[in-house]
Amino acid sequence: MTTKAIPEFNHASGEPLTTRSFILDNGAAVTQDFRPVKHICAHLNAFHAHLNEGEHATSNLRALALIASEDVRQCILYDSPEPNARLIGIEYMVTPRLYETLDPEERKLWHSHVYEVKSGMLIMPKPTAMPEALWQKAETAEMEEVINLYGKVYHLWQVDRGDKLPLGQPQLMTSFTGPGQFDFERVVSERDARFGSDYKQKQKEREYIQDPKVHPDDIADKTPSPADFPTRAPESSVF
């Protein structure tokens, strides 16, 4: 076996995978039952922003979502969709029913997804072999669910500042909740070019989705302004 099949080094500290580690990794996938991972139900691409300590940046991330109950989703955040992606954070999503049971200070740590959905910023990257019409239907059905949810996000590995390891305290993140908060046209268009998507088309496809009423304690009032953001937009993935 050659090393050509080993995923390219992902810029983390340490040496690239050896052939031995690659074989062990693949062997574990064959012999062990990874039941929690098998319940992943969606692959999303989204953008997050730092809130803590005035340190703000955008992240283009991939999320893998697992449904814990009818009211709770658990998302694993990665910096790319590749086999060697770095796991950089977690996001929990809850329904309005649960969100309203939280105390006011806790509610301020959560953000809505209305703007992400309606702007076309949030997408489900289409698998190569999937027909466009079928995938559009599946993606839009997912957006009908996500638009109602509130998310609480922590990034553990600050890849946007170049960290080679997960250093320091976990960082509370938010999403963009309205126009004018970052260079939407440039950043989202660059993402669309990579995935073959079109946020303008997504906007049209999602016009029929009704905007839910956003709770006044939503984190939206904390979302940074354009002046807080650098020009770079590092990638990440949510599963």
# chains A, B, ... in the order shown; residues from 1 in each chain; ligands from 1
>>> closest_atom_pairs(of="region 54-162 of chain A", to="region 195-199 of chain A", cutoff="10 Å", atoms="only C-alpha atoms", output="CSV")
residue,atom,partner,partner_atom,distance
A:Val117,CA,A:Tyr199,CA,9.9
A:Lys118,CA,A:Tyr199,CA,9.4
A:Ser119,CA,A:Tyr199,CA,6.9
A:Gly120,CA,A:Tyr199,CA,4.4
A:Met121,CA,A:Tyr199,CA,6.2
A:Leu122,CA,A:Tyr199,CA,8.5
A:Ile123,CA,A:Ser197,CA,8.2
A:Met124,CA,A:Ser197,CA,9.5
A:Pro125,CA,A:Phe195,CA,6.5
A:Lys126,CA,A:Phe195,CA,7.8
A:Pro127,CA,A:Phe195,CA,9.8
>>> residues_around(residues="Met173 (chain A)", least_positions_apart="4", cutoff="8 Å", atoms="only C-alpha atoms", output="list in words")
His48, Ala49, His50, Leu51, Asn52, Lys152, Val153, Tyr154 and His155 of chain A
>>> write_last_selection(atoms="N, CA, C and O atoms", output="PDB file, in the first residue's frame")
ATOM      1  N   HIS A  48     -19.990  31.712  11.005  1.00  0.00           N
ATOM      2  CA  HIS A  48     -20.085  32.128  12.404  1.00  0.00           C
ATOM      3  C   HIS A  48     -19.194  33.340  12.651  1.00  0.00           C
ATOM      4  O   HIS A  48     -18.270  33.608  11.889  1.00  0.00           O
ATOM      5  N   ALA A  49     -19.461  34.028  13.744  1.00  0.00           N
ATOM      6  CA  ALA A  49     -18.674  35.205  14.123  1.00  0.00           C
ATOM      7  C   ALA A  49     -18.301  35.127  15.590  1.00  0.00           C
ATOM      8  O   ALA A  49     -19.105  34.715  16.425  1.00  0.00           O
ATOM      9  N   HIS A  50     -17.065  35.531  15.923  1.00  0.00           N
ATOM     10  CA  HIS A  50     -16.620  35.592  17.314  1.00  0.00           C
ATOM     11  C   HIS A  50     -17.330  36.721  18.056  1.00  0.00           C
ATOM     12  O   HIS A  50     -17.618  37.765  17.491  1.00  0.00           O
ATOM     13  N   LEU A  51     -17.556  36.504  19.352  1.00  0.00           N
ATOM     14  CA  LEU A  51     -18.150  37.542  20.181  1.00  0.00           C
ATOM     15  C   LEU A  51     -17.245  37.956  21.333  1.00  0.00           C
ATOM     16  O   LEU A  51     -17.157  39.121  21.673  1.00  0.00           O
ATOM     17  N   ASN A  52     -16.577  37.006  21.962  1.00  0.00           N
ATOM     18  CA  ASN A  52     -15.842  37.273  23.197  1.00  0.00           C
ATOM     19  C   ASN A  52     -14.618  38.148  22.992  1.00  0.00           C
ATOM     20  O   ASN A  52     -13.919  38.054  21.992  1.00  0.00           O
ATOM     21  N   LYS A 152     -26.663  27.518  20.001  1.00  0.00           N
ATOM     22  CA  LYS A 152     -25.611  27.943  20.931  1.00  0.00           C
ATOM     23  C   LYS A 152     -24.312  27.304  20.455  1.00  0.00           C
ATOM     24  O   LYS A 152     -24.211  26.077  20.389  1.00  0.00           O
ATOM     25  N   VAL A 153     -23.326  28.124  20.106  1.00  0.00           N
ATOM     26  CA  VAL A 153     -22.110  27.647  19.439  1.00  0.00           C
ATOM     27  C   VAL A 153     -20.857  28.006  20.226  1.00  0.00           C
ATOM     28  O   VAL A 153     -20.692  29.157  20.648  1.00  0.00           O
ATOM     29  N   TYR A 154     -19.983  27.018  20.380  1.00  0.00           N
ATOM     30  CA  TYR A 154     -18.649  27.281  20.915  1.00  0.00           C
ATOM     31  C   TYR A 154     -17.616  26.700  19.954  1.00  0.00           C
ATOM     32  O   TYR A 154     -17.735  25.552  19.520  1.00  0.00           O
ATOM     33  N   HIS A 155     -16.620  27.526  19.611  1.00  0.00           N
ATOM     34  CA  HIS A 155     -15.481  27.036  18.844  1.00  0.00           C
ATOM     35  C   HIS A 155     -14.356  26.729  19.827  1.00  0.00           C
ATOM     36  O   HIS A 155     -14.005  27.572  20.662  1.00  0.00           O
TER      37      HIS A 155
END
>>> closest_residue(among="A:Gln158, A:Pro216, A:Thr128, A:Trp135", to="Leu87 (chain A)", atoms="only C-alpha atoms")
A:Gln158
>>> closest_residue(among="A:Pro131, A:Gly151, A:Pro212, A:Gly162", to="Glu91 (chain A)", atoms="only C-alpha atoms")
A:Gly151
>>> atom_distance(atom1="CA of Ile147 (chain A)", atom2="CA of Leu66 (chain A)")
16.4 Å
>>> closest_residue(among="A:Met130, A:Val187, A:Leu61, A:Ile67", to="Ser80 (chain A)", atoms="only C-alpha atoms")
A:Leu61
>>> closest_residue(among="A:Tyr150, A:His113, A:Ala138, A:Leu156", to="Ile90 (chain A)", atoms="only C-alpha atoms")
A:Leu156
>>> atom_distance(atom1="CA of Ile76 (chain A)", atom2="CA of Pro179 (chain A)")
26.4 Å
>>> decode(residues="region 145-178 of chain A", atoms="N, CA and C atoms", output="compact mmCIF listing (two decimals), in the first residue's frame")
# COMPACT_ATOMS: atom_id res chain seq x y z
N GLU A 145 -37.21 23.53 8.88
CA GLU A 145 -37.02 23.14 10.28
C GLU A 145 -36.04 24.09 10.98
N VAL A 146 -34.89 24.33 10.35
CA VAL A 146 -33.81 25.09 10.98
C VAL A 146 -34.22 26.53 11.26
N ILE A 147 -35.05 27.12 10.41
CA ILE A 147 -35.40 28.53 10.58
C ILE A 147 -36.06 28.81 11.93
N ASN A 148 -36.66 27.79 12.53
CA ASN A 148 -37.34 27.96 13.81
C ASN A 148 -36.43 27.75 15.02
N LEU A 149 -35.22 27.24 14.81
CA LEU A 149 -34.37 26.83 15.91
C LEU A 149 -33.44 27.94 16.39
N TYR A 150 -33.05 27.83 17.67
CA TYR A 150 -32.04 28.71 18.26
C TYR A 150 -30.77 27.89 18.48
N GLY A 151 -29.60 28.49 18.19
CA GLY A 151 -28.34 27.77 18.30
C GLY A 151 -27.40 28.38 19.32
N LYS A 152 -26.66 27.52 20.00
CA LYS A 152 -25.61 27.94 20.93
C LYS A 152 -24.31 27.30 20.45
N VAL A 153 -23.33 28.12 20.11
CA VAL A 153 -22.11 27.65 19.44
C VAL A 153 -20.86 28.01 20.23
N TYR A 154 -19.98 27.02 20.38
CA TYR A 154 -18.65 27.28 20.91
C TYR A 154 -17.62 26.70 19.95
N HIS A 155 -16.62 27.53 19.61
CA HIS A 155 -15.48 27.04 18.84
C HIS A 155 -14.36 26.73 19.83
N LEU A 156 -13.80 25.53 19.71
CA LEU A 156 -12.73 25.08 20.60
C LEU A 156 -11.36 25.27 19.98
N TRP A 157 -11.33 25.34 18.66
CA TRP A 157 -10.06 25.45 17.92
C TRP A 157 -10.18 26.66 17.00
N GLN A 158 -9.37 27.70 17.28
CA GLN A 158 -9.49 28.97 16.55
C GLN A 158 -8.62 28.94 15.29
N VAL A 159 -9.08 28.18 14.31
CA VAL A 159 -8.31 28.03 13.07
C VAL A 159 -8.23 29.34 12.29
N ASP A 160 -9.19 30.23 12.50
CA ASP A 160 -9.19 31.49 11.75
C ASP A 160 -8.04 32.41 12.15
N ARG A 161 -7.47 32.18 13.34
CA ARG A 161 -6.31 32.99 13.73
C ARG A 161 -5.01 32.20 13.55
N GLY A 162 -5.10 31.02 12.94
CA GLY A 162 -3.92 30.24 12.60
C GLY A 162 -3.43 29.28 13.65
N ASP A 163 -4.23 29.02 14.70
CA ASP A 163 -3.79 28.11 15.76
C ASP A 163 -3.57 26.70 15.21
N LYS A 164 -2.45 26.08 15.59
CA LYS A 164 -2.13 24.73 15.15
C LYS A 164 -2.70 23.67 16.10
N LEU A 165 -3.16 24.12 17.27
CA LEU A 165 -3.80 23.26 18.26
C LEU A 165 -5.00 24.02 18.84
N PRO A 166 -5.93 23.33 19.49
CA PRO A 166 -7.03 24.04 20.17
C PRO A 166 -6.52 24.70 21.45
N LEU A 167 -6.24 25.99 21.38
CA LEU A 167 -5.60 26.73 22.47
C LEU A 167 -6.60 27.65 23.19
N GLY A 168 -6.34 27.90 24.48
CA GLY A 168 -7.11 28.88 25.23
C GLY A 168 -8.52 28.41 25.55
N GLN A 169 -9.35 29.38 25.93
CA GLN A 169 -10.72 29.12 26.32
C GLN A 169 -11.61 28.91 25.08
N PRO A 170 -12.65 28.07 25.19
CA PRO A 170 -13.62 27.98 24.10
C PRO A 170 -14.22 29.36 23.83
N GLN A 171 -14.50 29.65 22.58
CA GLN A 171 -15.01 30.95 22.19
C GLN A 171 -16.50 30.87 21.84
N LEU A 172 -17.31 31.68 22.50
CA LEU A 172 -18.72 31.77 22.16
C LEU A 172 -18.85 32.43 20.80
N MET A 173 -19.65 31.83 19.94
CA MET A 173 -19.84 32.34 18.59
C MET A 173 -21.30 32.72 18.38
N THR A 174 -21.55 33.42 17.31
CA THR A 174 -22.91 33.69 16.88
C THR A 174 -22.97 33.56 15.36
N SER A 175 -24.13 33.72 14.81
CA SER A 175 -24.27 33.79 13.37
C SER A 175 -24.58 35.23 12.99
N PHE A 176 -24.65 35.49 11.70
CA PHE A 176 -25.06 36.80 11.23
C PHE A 176 -26.58 36.82 11.17
N THR A 177 -27.17 37.84 11.73
CA THR A 177 -28.62 37.85 11.92
C THR A 177 -29.33 38.95 11.13
N GLY A 178 -28.57 39.67 10.27
CA GLY A 178 -29.19 40.71 9.47
C GLY A 178 -28.21 41.25 8.44
